[in-house]
>>> print(open('final.tsv').read())   # TSV, C-alpha atoms and all ligand atoms
chain	number	residue	atom	x	y	z
A	1238	MET	CA	-25.06	23.37	32.07
A	1239	LYS	CA	-23.18	20.16	32.76
A	1240	SER	CA	-19.41	20.35	32.18
A	1241	LEU	CA	-16.79	17.68	32.70
A	1242	VAL	CA	-14.10	19.47	34.71
A	1243	VAL	CA	-10.68	18.39	35.90
A	1244	GLU	CA	-10.66	20.42	39.13
A	1245	HIS	CA	-7.05	19.52	39.80
A	1246	PRO	CA	-4.87	16.58	38.77
A	1247	GLY	CA	-6.66	13.39	39.81
A	1248	LEU	CA	-10.19	14.83	40.23
A	1249	LEU	CA	-12.70	14.72	37.37
A	1250	VAL	CA	-16.23	15.92	38.16
A	1251	LEU	CA	-19.45	16.61	36.27
A	1252	ALA	CA	-19.99	20.19	37.40
A	1253	ASP	CA	-22.90	22.57	37.01
A	1254	ARG	CA	-21.75	25.79	35.41
A	1255	GLY	CA	-23.54	28.82	34.03
A	1256	VAL	CA	-24.15	28.90	30.27
A	1257	PRO	CA	-21.53	31.34	28.88
A	1258	GLU	CA	-22.43	34.26	26.62
A	1259	PRO	CA	-20.54	34.53	23.33
A	1260	GLY	CA	-18.38	37.65	23.02
A	1261	PRO	CA	-17.53	39.43	19.74
A	1262	GLY	CA	-16.26	36.93	17.18
A	1263	GLU	CA	-17.38	33.95	19.24
A	1264	VAL	CA	-19.86	31.16	18.72
A	1265	ARG	CA	-21.65	29.20	21.42
A	1266	LEU	CA	-21.94	25.57	20.40
A	1267	ARG	CA	-24.48	23.15	21.85
A	1268	VAL	CA	-22.12	20.16	22.05
A	1269	GLU	CA	-23.71	16.85	21.06
A	1270	ARG	CA	-20.88	14.30	20.78
A	1271	ALA	CA	-17.25	14.29	21.87
A	1272	GLY	CA	-14.40	11.79	21.75
A	1273	ILE	CA	-12.07	10.92	24.61
A	1274	CYS	CA	-8.37	11.20	23.73
A	1275	GLY	CA	-5.23	10.13	25.56
A	1276	SER	CA	-4.38	13.77	26.15
A	1277	ASP	CA	-7.61	14.25	28.14
A	1278	VAL	CA	-6.41	11.47	30.44
A	1279	HIS	CA	-2.97	13.10	30.67
A	1280	ILE	CA	-4.60	16.34	31.83
A	1281	LEU	CA	-6.62	14.34	34.37
A	1282	HIS	CA	-3.44	12.77	35.74
A	1283	GLY	CA	-1.44	16.01	35.73
A	1284	SER	CA	1.00	14.81	33.08
A	1285	ASN	CA	0.25	17.45	30.43
A	1286	ALA	CA	2.74	20.29	30.88
A	1287	PHE	CA	0.46	22.81	29.13
A	1288	ALA	CA	-2.73	22.29	31.16
A	1289	ARG	CA	-3.98	24.76	33.78
A	1290	TYR	CA	-6.70	23.86	36.31
A	1291	PRO	CA	-9.63	23.79	36.77
A	1292	ARG	CA	-10.15	22.81	33.16
A	1293	VAL	CA	-13.11	21.67	31.08
A	1294	ILE	CA	-11.33	19.05	28.96
A	1295	GLY	CA	-12.19	17.77	25.47
A	1296	HIS	CA	-10.92	18.86	22.07
A	1297	GLU	CA	-12.66	16.35	19.78
A	1298	PHE	CA	-16.24	17.57	19.61
A	1299	TYR	CA	-19.21	18.23	17.43
A	1300	GLY	CA	-22.38	20.21	17.96
A	1301	ARG	CA	-24.83	22.76	16.65
A	1302	VAL	CA	-24.48	26.53	16.71
A	1303	ASP	CA	-26.61	27.85	19.55
A	1304	ALA	CA	-25.79	31.58	19.73
A	1305	VAL	CA	-23.29	33.97	18.16
A	1306	GLY	CA	-21.50	37.13	19.32
A	1307	ASP	CA	-21.13	40.44	17.46
A	1308	GLY	CA	-19.71	40.18	13.98
A	1309	VAL	CA	-20.53	36.49	13.48
A	1310	ALA	CA	-23.07	35.36	10.90
A	1311	VAL	CA	-23.78	31.65	11.29
A	1312	ALA	CA	-27.34	30.40	11.60
A	1313	ALA	CA	-28.46	28.79	14.85
A	1314	GLY	CA	-28.69	25.02	14.40
A	1315	THR	CA	-25.78	24.82	11.94
A	1316	ARG	CA	-23.87	21.54	12.42
A	1317	ALA	CA	-20.17	22.13	13.01
A	1318	VAL	CA	-16.89	20.84	14.37
A	1319	VAL	CA	-14.15	22.90	15.95
A	1320	ASP	CA	-10.45	23.08	15.21
A	1321	PRO	CA	-8.95	23.23	18.72
A	1322	VAL	CA	-5.86	25.19	17.57
A	1323	ILE	CA	-6.18	28.87	18.52
A	1324	SER	CA	-3.31	31.04	17.30
A	1325	CYS	CA	-2.26	34.69	17.30
A	1326	GLY	CA	-2.07	35.07	13.51
A	1327	HIS	CA	1.07	37.22	13.37
A	1328	CYS	CA	4.05	35.41	14.94
A	1329	TYR	CA	6.64	33.63	12.77
A	1330	PRO	CA	5.00	30.17	12.78
A	1331	CYS	CA	1.59	31.73	12.09
A	1332	SER	CA	3.09	33.75	9.23
A	1333	VAL	CA	4.37	30.57	7.56
A	1334	GLY	CA	1.08	28.71	7.88
A	1335	ARG	CA	1.83	26.80	11.05
A	1336	PRO	CA	-0.58	28.11	13.69
A	1337	ASN	CA	-0.35	24.75	15.48
A	1338	VAL	CA	3.01	25.86	16.87
A	1339	CYS	CA	2.06	29.53	17.36
A	1340	VAL	CA	4.21	31.15	20.07
A	1341	GLU	CA	0.95	32.00	21.86
A	1342	LEU	CA	-0.76	28.70	21.06
A	1343	GLN	CA	-3.97	27.99	22.94
A	1344	VAL	CA	-5.57	24.58	22.54
A	1345	LEU	CA	-9.23	24.18	23.40
A	1346	GLY	CA	-9.57	21.70	26.24
A	1347	VAL	CA	-5.95	22.19	27.29
A	1348	HIS	CA	-5.05	25.88	27.64
A	1349	ARG	CA	-8.68	26.98	27.75
A	1350	ASP	CA	-12.01	25.32	28.41
A	1351	GLY	CA	-12.95	22.68	25.86
A	1352	GLY	CA	-15.81	20.65	24.54
A	1353	PHE	CA	-16.80	18.16	27.26
A	1354	SER	CA	-19.67	20.44	28.18
A	1355	GLU	CA	-23.26	21.00	27.09
A	1356	PHE	CA	-22.21	24.39	25.74
A	1357	CYS	CA	-18.79	25.64	24.63
A	1358	LEU	CA	-17.57	29.03	23.44
A	1359	VAL	CA	-15.26	28.91	20.43
A	1360	PRO	CA	-13.77	31.55	18.10
A	1361	ALA	CA	-15.88	31.70	14.93
A	1362	ALA	CA	-12.67	31.31	12.91
A	1363	ASN	CA	-12.21	27.82	14.39
A	1364	LEU	CA	-15.69	26.64	13.43
A	1365	HIS	CA	-16.03	24.28	10.45
A	1366	VAL	CA	-19.52	23.66	9.12
A	1367	ILE	CA	-20.08	20.03	8.15
A	1368	PRO	CA	-22.41	18.65	5.50
A	1369	ASP	CA	-25.41	16.48	6.41
A	1370	CYS	CA	-23.73	13.36	5.01
A	1371	ILE	CA	-21.24	13.38	7.90
A	1372	THR	CA	-22.96	11.67	10.82
A	1373	ASP	CA	-23.09	12.88	14.42
A	1374	GLU	CA	-20.78	10.02	15.37
A	1375	GLN	CA	-18.24	10.56	12.58
A	1376	ALA	CA	-17.96	14.30	13.27
A	1377	PRO	CA	-15.91	14.28	16.50
A	1378	LEU	CA	-13.33	12.05	14.79
A	1379	ILE	CA	-12.43	14.82	12.34
A	1380	GLU	CA	-9.94	16.21	14.88
A	1381	PRO	CA	-7.87	13.01	15.28
A	1382	PHE	CA	-7.92	12.57	11.50
A	1383	SER	CA	-6.55	16.13	11.20
A	1384	VAL	CA	-3.57	14.91	13.23
A	1385	ALA	CA	-3.01	12.16	10.63
A	1386	ALA	CA	-3.38	14.65	7.78
A	1387	ASN	CA	-0.80	16.90	9.40
A	1388	ILE	CA	1.93	14.31	9.76
A	1389	THR	CA	1.36	12.79	6.35
A	1390	ASP	CA	1.54	16.25	4.78
A	1391	HIS	CA	4.88	16.77	6.52
A	1392	THR	CA	6.39	13.44	5.46
A	1393	GLY	CA	4.83	13.38	2.02
A	1394	VAL	CA	3.28	10.12	0.82
A	1395	PHE	CA	4.07	8.22	-2.39
A	1396	ASP	CA	1.87	5.44	-3.63
A	1397	GLN	CA	4.90	3.17	-3.98
A	1398	ASP	CA	5.78	3.69	-0.31
A	1399	VAL	CA	6.23	0.73	1.96
A	1400	ALA	CA	4.82	2.39	5.06
A	1401	LEU	CA	5.32	1.22	8.62
A	1402	VAL	CA	3.12	2.62	11.39
A	1403	TYR	CA	4.10	2.05	15.01
A	1404	GLY	CA	1.07	1.80	17.28
A	1405	ALA	CA	-2.49	0.74	16.50
A	1406	GLY	CA	-4.22	3.13	18.90
A	1407	ALA	CA	-6.63	5.77	17.67
A	1408	ILE	CA	-3.86	7.90	16.17
A	1409	GLY	CA	-2.15	4.98	14.44
A	1410	LEU	CA	-5.49	3.93	12.93
A	1411	THR	CA	-6.26	7.42	11.59
A	1412	ILE	CA	-2.81	7.43	9.96
A	1413	VAL	CA	-3.38	3.98	8.44
A	1414	GLN	CA	-6.69	5.11	6.94
A	1415	VAL	CA	-5.15	8.27	5.47
A	1416	LEU	CA	-2.21	6.35	3.99
A	1417	LYS	CA	-4.38	3.61	2.55
A	1418	TYR	CA	-7.67	5.23	1.63
A	1419	VAL	CA	-6.58	8.78	0.73
A	1420	HIS	CA	-3.10	8.20	-0.70
A	1421	GLY	CA	-3.53	4.62	-1.92
A	1422	VAL	CA	-0.23	3.43	-0.45
A	1423	LYS	CA	0.40	-0.10	-1.70
A	1424	THR	CA	1.84	-1.58	1.47
A	1425	VAL	CA	0.89	-0.39	4.94
A	1426	ILE	CA	2.41	-2.39	7.79
A	1427	VAL	CA	1.36	-1.81	11.40
A	1428	THR	CA	3.22	-2.93	14.48
A	1429	ASP	CA	1.86	-3.10	18.03
A	1430	ARG	CA	2.10	-5.42	21.01
A	1431	ILE	CA	-1.60	-6.12	21.40
A	1432	ASP	CA	-3.23	-8.59	19.01
A	1433	GLU	CA	-6.71	-7.07	19.29
A	1434	ARG	CA	-5.33	-3.70	18.25
A	1435	LEU	CA	-3.64	-5.25	15.24
A	1436	VAL	CA	-6.99	-6.79	14.24
A	1437	ALA	CA	-8.39	-3.25	14.39
A	1438	ALA	CA	-5.49	-2.06	12.23
A	1439	GLN	CA	-6.47	-4.59	9.56
A	1440	ALA	CA	-10.07	-3.40	9.74
A	1441	ASN	CA	-8.77	0.13	9.11
A	1442	GLY	CA	-6.73	-0.75	6.04
A	1443	ALA	CA	-3.44	-2.31	7.18
A	1444	ASP	CA	-2.12	-4.82	4.68
A	1445	ARG	CA	0.06	-6.54	7.17
A	1446	VAL	CA	0.56	-6.51	10.94
A	1447	ILE	CA	3.48	-7.47	13.17
A	1448	ASN	CA	3.10	-8.16	16.88
A	1449	THR	CA	6.39	-7.32	18.58
A	1450	ALA	CA	5.41	-8.63	22.04
A	1451	HIS	CA	7.37	-11.82	21.37
A	1452	ARG	CA	9.44	-11.01	18.32
A	1453	GLY	CA	11.79	-8.18	17.40
A	1454	LEU	CA	10.55	-5.87	14.67
A	1455	ALA	CA	13.90	-5.66	12.88
A	1456	ASP	CA	14.04	-9.47	12.64
A	1457	ALA	CA	10.46	-9.75	11.43
A	1458	LEU	CA	11.07	-7.16	8.68
A	1459	ALA	CA	14.46	-8.57	7.71
A	1460	ALA	CA	13.00	-12.08	7.42
A	1461	ASP	CA	10.81	-10.77	4.61
A	1462	GLY	CA	13.33	-8.34	3.15
A	1463	ILE	CA	11.19	-5.30	3.99
A	1464	ARG	CA	12.79	-1.85	4.26
A	1465	PRO	CA	10.12	0.73	5.00
A	1466	THR	CA	10.34	3.93	2.96
A	1467	LEU	CA	7.97	5.79	5.28
A	1468	VAL	CA	7.89	5.18	9.03
A	1469	ILE	CA	5.42	6.94	11.32
A	1470	ASP	CA	5.70	6.59	15.07
A	1471	ALA	CA	2.24	6.69	16.65
A	1472	ALA	CA	3.33	4.61	19.65
A	1473	CYS	CA	5.82	7.21	20.83
A	1474	HIS	CA	8.10	5.32	23.15
A	1475	PRO	CA	11.48	7.15	23.16
A	1476	ALA	CA	13.31	3.99	22.02
A	1477	ILE	CA	11.37	3.89	18.75
A	1478	LEU	CA	13.15	6.68	16.88
A	1479	GLY	CA	16.50	4.87	17.06
A	1480	GLU	CA	14.92	1.65	15.83
A	1481	ALA	CA	13.07	3.46	13.04
A	1482	ILE	CA	16.37	4.96	11.84
A	1483	GLU	CA	17.87	1.47	11.85
A	1484	ILE	CA	15.14	-0.28	9.86
A	1485	ALA	CA	14.32	2.50	7.39
A	1486	SER	CA	15.24	2.30	3.73
A	1487	PRO	CA	17.81	4.79	2.41
A	1488	ALA	CA	15.98	8.00	1.43
A	1489	ALA	CA	13.10	7.13	3.77
A	1490	ARG	CA	11.05	9.66	5.73
A	1491	ILE	CA	10.30	9.24	9.41
A	1492	GLY	CA	7.40	10.96	11.15
A	1493	MET	CA	7.35	11.39	14.91
A	1494	MET	CA	4.42	12.40	17.09
A	1495	GLY	CA	5.64	11.76	20.63
A	1496	PHE	CA	5.87	14.11	23.60
A	1497	SER	CA	8.09	12.01	25.82
A	1498	THR	CA	10.53	14.04	27.91
A	1499	ASP	CA	12.91	11.11	28.25
A	1500	PRO	CA	16.12	11.34	26.24
A	1501	CYS	CA	16.83	8.86	23.48
A	1502	THR	CA	20.06	8.00	21.73
A	1503	ILE	CA	20.32	8.44	17.99
A	1504	ILE	CA	23.41	8.21	15.85
A	1505	GLN	CA	24.11	10.87	13.21
A	1506	GLN	CA	25.92	8.51	10.91
A	1507	LYS	CA	22.90	6.23	10.65
A	1508	ILE	CA	20.70	9.14	9.61
A	1509	THR	CA	23.06	10.92	7.25
A	1510	SER	CA	24.45	7.85	5.54
A	1511	LYS	CA	20.91	7.00	4.40
A	1512	GLU	CA	19.95	10.67	4.02
A	1513	LEU	CA	16.83	10.11	6.10
A	1514	SER	CA	14.32	12.90	6.65
A	1515	ILE	CA	12.82	13.18	10.12
A	1516	HIS	CA	9.62	15.18	10.55
A	1517	SER	CA	7.74	16.01	13.71
A	1518	SER	CA	4.09	16.90	13.81
A	1519	ARG	CA	1.89	18.54	16.43
A	1520	LEU	CA	-1.91	18.74	16.26
A	1521	ASN	CA	-2.85	20.21	12.85
A	1522	SER	CA	-2.39	23.30	10.77
A	1523	HIS	CA	-5.44	24.11	8.63
A	1524	LYS	CA	-6.27	20.43	7.93
A	1525	PHE	CA	-9.93	20.45	8.96
A	1526	ALA	CA	-11.32	21.44	5.55
A	1527	LYS	CA	-9.56	18.63	3.72
A	1528	VAL	CA	-10.46	16.03	6.35
A	1529	ILE	CA	-14.10	17.10	6.15
A	1530	ASP	CA	-13.91	16.58	2.37
A	1531	TRP	CA	-12.33	13.16	2.79
A	1532	VAL	CA	-15.04	12.04	5.22
A	1533	ALA	CA	-17.89	13.59	3.20
A	1534	SER	CA	-16.68	11.87	0.02
A	1535	GLY	CA	-16.60	8.49	1.78
A	1536	ARG	CA	-12.84	8.00	1.56
A	1537	LEU	CA	-12.35	7.87	5.32
A	1538	HIS	CA	-14.32	5.70	7.73
A	1539	PRO	CA	-14.11	7.36	11.16
A	1540	GLU	CA	-16.89	5.16	12.54
A	1541	ARG	CA	-14.53	2.18	12.40
A	1542	LEU	CA	-12.58	3.58	15.36
A	1543	ILE	CA	-15.60	3.90	17.65
A	1544	THR	CA	-15.89	1.07	20.18
A	1545	HIS	CA	-17.81	2.63	23.08
A	1546	ARG	CA	-20.57	5.22	23.62
A	1547	PHE	CA	-21.69	6.71	26.94
A	1548	PRO	CA	-23.93	9.57	28.06
A	1549	VAL	CA	-21.79	12.12	29.90
A	1550	ALA	CA	-23.49	11.17	33.19
A	1551	ASP	CA	-21.62	7.84	32.90
A	1552	PHE	CA	-18.25	9.55	32.45
A	1553	GLU	CA	-16.57	7.40	35.10
A	1554	ALA	CA	-17.39	4.22	33.17
A	1555	ALA	CA	-16.31	5.93	29.94
A	1556	PHE	CA	-12.89	6.91	31.31
A	1557	ASP	CA	-12.46	3.50	32.92
A	1558	ALA	CA	-13.09	1.75	29.59
A	1559	PHE	CA	-10.73	4.12	27.80
A	1560	GLU	CA	-7.88	3.83	30.28
A	1561	HIS	CA	-8.06	0.27	31.48
A	1562	HIS	CA	-9.37	-1.83	28.58
A	1563	PRO	CA	-7.04	-1.25	25.64
A	1564	THR	CA	-7.75	-4.66	24.12
A	1565	GLU	CA	-11.39	-3.82	23.42
A	1566	CYS	CA	-11.39	-0.04	23.47
A	1567	CYS	CA	-10.35	2.52	20.89
A	1568	LYS	CA	-12.45	5.68	20.50
A	1569	VAL	CA	-14.98	6.33	23.27
A	1570	LEU	CA	-17.76	8.81	22.47
A	1571	LEU	CA	-19.60	10.89	25.08
A	1572	SER	CA	-23.01	12.32	24.30
A	1573	PHE	CA	-24.22	15.54	25.90
B	1	LIG	P1	-2.67	4.71	22.37
B	1	LIG	O1	-2.02	4.51	23.68
B	1	LIG	O2	-4.11	4.37	22.22
B	1	LIG	O3	-1.89	3.88	21.25
B	1	LIG	C1	-0.54	3.61	21.31
B	1	LIG	C2	-0.33	2.18	20.82
B	1	LIG	O4	1.06	1.93	20.69
B	1	LIG	C3	-0.90	1.11	21.76
B	1	LIG	O5	-1.76	0.25	21.05
B	1	LIG	C4	0.34	0.39	22.28
B	1	LIG	O6	0.10	-0.99	22.51
B	1	LIG	C5	1.32	0.62	21.14
B	1	LIG	N1	2.74	0.55	21.49
B	1	LIG	C6	3.36	1.00	22.61
B	1	LIG	N2	4.69	0.78	22.53
B	1	LIG	C7	4.91	0.19	21.34
B	1	LIG	C8	6.08	-0.26	20.66
B	1	LIG	N3	7.27	-0.16	21.21
B	1	LIG	N4	5.93	-0.81	19.44
B	1	LIG	C9	4.72	-0.91	18.87
B	1	LIG	N5	3.58	-0.49	19.45
B	1	LIG	C10	3.67	0.05	20.67
B	1	LIG	O7	-2.42	6.23	21.98
B	1	LIG	P2	-3.01	7.15	20.79
B	1	LIG	O8	-4.12	7.95	21.30
B	1	LIG	O9	-3.21	6.36	19.56
B	1	LIG	O10	-1.79	8.15	20.62
B	1	LIG	C11	-0.53	7.65	20.21
B	1	LIG	C12	0.57	8.61	20.55
B	1	LIG	O11	0.45	9.78	19.76
B	1	LIG	C13	0.60	9.09	22.01
B	1	LIG	O12	1.93	9.02	22.48
B	1	LIG	C14	0.15	10.53	21.94
B	1	LIG	O13	0.75	11.33	22.92
B	1	LIG	C15	0.61	10.91	20.57
B	1	LIG	N6	-0.20	11.97	19.97
B	1	LIG	C16	0.47	12.94	19.30
B	1	LIG	C17	-0.21	13.92	18.67
B	1	LIG	C18	0.51	14.96	17.91
B	1	LIG	O14	-0.13	15.84	17.37
B	1	LIG	N7	1.82	14.90	17.83
B	1	LIG	C19	-1.69	14.01	18.72
B	1	LIG	C20	-2.30	12.90	19.38
B	1	LIG	C21	-1.57	11.92	20.00
B	2	MN	MN	-7.13	14.08	20.42
B	3	ZN	ZN	1.02	32.92	16.26
>>> encode(input="final.tsv", output="structure tokens", more="lines below")
Ligand code: NAI
Ligand code: MN
Ligand code: ZN
Amino acid sequence: MKSLVVEHPGLLVLADRGVPEPGPGEVRLRVERAGICGSDVHILHGSNAFARYPRVIGHEFYGRVDAVGDGVAVAAGTRAVVDPVISCGHCYPCSVGRPNVCVELQVLGVHRDGGFSEFCLVPAANLHVIPDCITDEQAPLIEPFSVAANITDHTGVFDQDVALVYGAGAIGLTIVQVLKYVHGVKTVIVTDRIDERLVAAQANGADRVINTAHRGLADALAADGIRPTLVIDAACHPAILGEAIEIASPAARIGMMGFSTDPCTIIQQKITSKELSIHSSRLNSHKFAKVIDWVASGRLHPERLITHRFPVADFEAAFDAFEHHPTECCKVLLSF
């Protein structure tokens, strides 16, 4: 089978590997479509602290059940997506419903081989069957939407919120759709530094966009008397948290998604005086079922994020588009 393998940081190859046999409790998926994510590129460049090499990357994927191991009853041909979060089930975070930060967390495509492969072994417990109304192209986007569902569940969402989303990349756009189309937030503002991405934000539900390439965000908001009540950072530069604290309304919630290891300066008084709540979010905890419902019922529009499609044989062009053409590129799909 063909598998897209990062042999070591800097070297991505389409390798020929043997088709693996599912063990007890496992399913072998015939992968059909997968989405490229920034974290795949981080593993390629050696900047993901959790990755081990060689690694088959890919954690946003869809396929059909091909074979099952002992104790698994799912029919061959069943269409399914895979929650990449593999957890122990008994540690403290698992016991409080947060397997995404399990002390023994394994993420498919990061800690163990993932979905950029013709076949992939996954625990049956991580398999989510999808209805026929979800298309082959929508399906791999369920994972990034689960990330949006996770952070919005942490922050809570009120329909009277004035929401501000930093970053109109794939993650920012999934958050905008969830805020607007699932929760019906009245005002969703998106800020980025790239006009084309802000156009995409509008196509995904943003009511208003602010380009901060030439204008400070605080000034732009103050000019219109806007004090966001919900701020979500999907741009993840370390300077953003301090700014978010500054511009937020009293009693606002702030959601952060970043993995930067650079320190940032925040001031207690500015948080406590407004009694701000700051929530972090990593991957997702049990959000696949609800995202599948949202997509199946037509509330979410994952296809709006897809800008490029390549057969896996053209992976070099696919990664080039993803990494080097941010003005025209959002979600890149590979077919296997
Ligand atoms: P992306 O790189 O496609 O999008 C980031 C966007 O932020 C870009 O459009 C960029 O122009 C914009 N940006 C950068 N600095 C900005 C600033 N100061 N103000 C406004 N906009 C700014 O990345 P993607 O895939 O959308 O992911 C976004 C972030 O979310 C990444 O840092 C990633 O590591 C993180 N992430 C976190 C996850 C989690 O579970 N916590 C899961 C997935 C991604
Ligand atoms: Mn992803
Ligand atoms: Zn655990």
>>> residues_near_ligand(input="final.tsv", ligand="ligand LIG 1 (chain B)", cutoff="7 Å", atoms="only C-alpha atoms and all ligand atoms", output="PyMOL selection string")
chain A and resi 1274-1276+1381+1384+1403-1409+1428-1431+1434+1449+1471-1474+1477+1494-1496+1518-1521+1567
>>> closest_residue(input="final.tsv", among="A:Met1238, A:Ser1497, A:Ala1376, A:Leu1454", to="A:Asn1285", atoms="only C-alpha atoms")
A:Ser1497
>>> closest_residue(input="final.tsv", among="A:Leu1435, A:Val1293, A:Ile1543, A:Ala1362", to="A:Val1242", atoms="all atoms listed in the file")
A:Val1293
>>> closest_residue(input="final.tsv", among="A:Thr1498, A:Ser1572, A:Thr1392, A:Gln1343", to="A:Ile1273", atoms="only C-alpha atoms")
A:Ser1572
>>> closest_residue(input="final.tsv", among="A:Leu1281, A:Ile1469, A:Ala1443, A:Val1347", to="ligand MN 2 (chain B)", atoms="all atoms listed in the file")
A:Val1347
>>> build_atoms(input="final.tsv", residues="stretch 1313-1320 of chain A", atoms="all heavy atoms", output="mmCIF file, in the frame of the given file")
data_model
loop_
_atom_site.group_PDB
_atom_site.id
_atom_site.type_symbol
_atom_site.label_atom_id
_atom_site.label_comp_id
_atom_site.auth_asym_id
_atom_site.auth_seq_id
_atom_site.Cartn_x
_atom_site.Cartn_y
_atom_site.Cartn_z
ATOM 1 N N ALA A 1313 -28.251 29.724 13.739
ATOM 2 C CA ALA A 1313 -28.460 28.790 14.850
ATOM 3 C C ALA A 1313 -28.860 27.433 14.250
ATOM 4 O O ALA A 1313 -29.570 27.366 13.250
ATOM 5 C CB ALA A 1313 -29.545 29.311 15.768
ATOM 6 N N GLY A 1314 -28.368 26.369 14.865
ATOM 7 C CA GLY A 1314 -28.690 25.020 14.400
ATOM 8 C C GLY A 1314 -27.701 24.457 13.404
ATOM 9 O O GLY A 1314 -27.735 23.264 13.100
ATOM 10 N N THR A 1315 -26.783 25.293 12.895
ATOM 11 C CA THR A 1315 -25.780 24.820 11.940
ATOM 12 C C THR A 1315 -24.907 23.750 12.595
ATOM 13 O O THR A 1315 -24.404 23.939 13.703
ATOM 14 C CB THR A 1315 -24.892 25.996 11.469
ATOM 15 O OG1 THR A 1315 -25.727 26.967 10.852
ATOM 16 C CG2 THR A 1315 -23.821 25.537 10.479
ATOM 17 N N ARG A 1316 -24.714 22.626 11.891
ATOM 18 C CA ARG A 1316 -23.870 21.540 12.420
ATOM 19 C C ARG A 1316 -22.404 21.874 12.145
ATOM 20 O O ARG A 1316 -22.042 22.239 11.020
ATOM 21 C CB ARG A 1316 -24.224 20.210 11.748
ATOM 22 C CG ARG A 1316 -25.688 19.816 11.939
ATOM 23 C CD ARG A 1316 -26.062 18.586 11.125
ATOM 24 N NE ARG A 1316 -25.484 17.367 11.664
ATOM 25 C CZ ARG A 1316 -24.686 16.547 11.000
ATOM 26 N NH1 ARG A 1316 -24.346 16.820 9.753
ATOM 27 N NH2 ARG A 1316 -24.212 15.457 11.560
ATOM 28 N N ALA A 1317 -21.563 21.701 13.174
ATOM 29 C CA ALA A 1317 -20.170 22.130 13.010
ATOM 30 C C ALA A 1317 -19.228 21.365 13.926
ATOM 31 O O ALA A 1317 -19.629 20.830 14.961
ATOM 32 C CB ALA A 1317 -20.054 23.625 13.301
ATOM 33 N N VAL A 1318 -17.970 21.329 13.520
ATOM 34 C CA VAL A 1318 -16.890 20.840 14.370
ATOM 35 C C VAL A 1318 -15.923 21.995 14.591
ATOM 36 O O VAL A 1318 -16.019 23.039 13.932
ATOM 37 C CB VAL A 1318 -16.164 19.627 13.746
ATOM 38 C CG1 VAL A 1318 -17.074 18.405 13.742
ATOM 39 C CG2 VAL A 1318 -15.654 19.941 12.348
ATOM 40 N N VAL A 1319 -14.998 21.786 15.508
ATOM 41 C CA VAL A 1319 -14.150 22.900 15.950
ATOM 42 C C VAL A 1319 -12.675 22.492 15.908
ATOM 43 O O VAL A 1319 -12.279 21.499 16.525
ATOM 44 C CB VAL A 1319 -14.529 23.323 17.381
ATOM 45 C CG1 VAL A 1319 -13.662 24.490 17.832
ATOM 46 C CG2 VAL A 1319 -16.004 23.690 17.461
ATOM 47 N N ASP A 1320 -11.898 23.263 15.177
ATOM 48 C CA ASP A 1320 -10.450 23.080 15.210
ATOM 49 C C ASP A 1320 -9.950 23.616 16.561
ATOM 50 O O ASP A 1320 -10.138 24.798 16.863
ATOM 51 C CB ASP A 1320 -9.822 23.879 14.051
ATOM 52 C CG ASP A 1320 -8.318 23.646 13.923
ATOM 53 O OD1 ASP A 1320 -7.685 23.200 14.906
ATOM 54 O OD2 ASP A 1320 -7.790 23.934 12.831
#
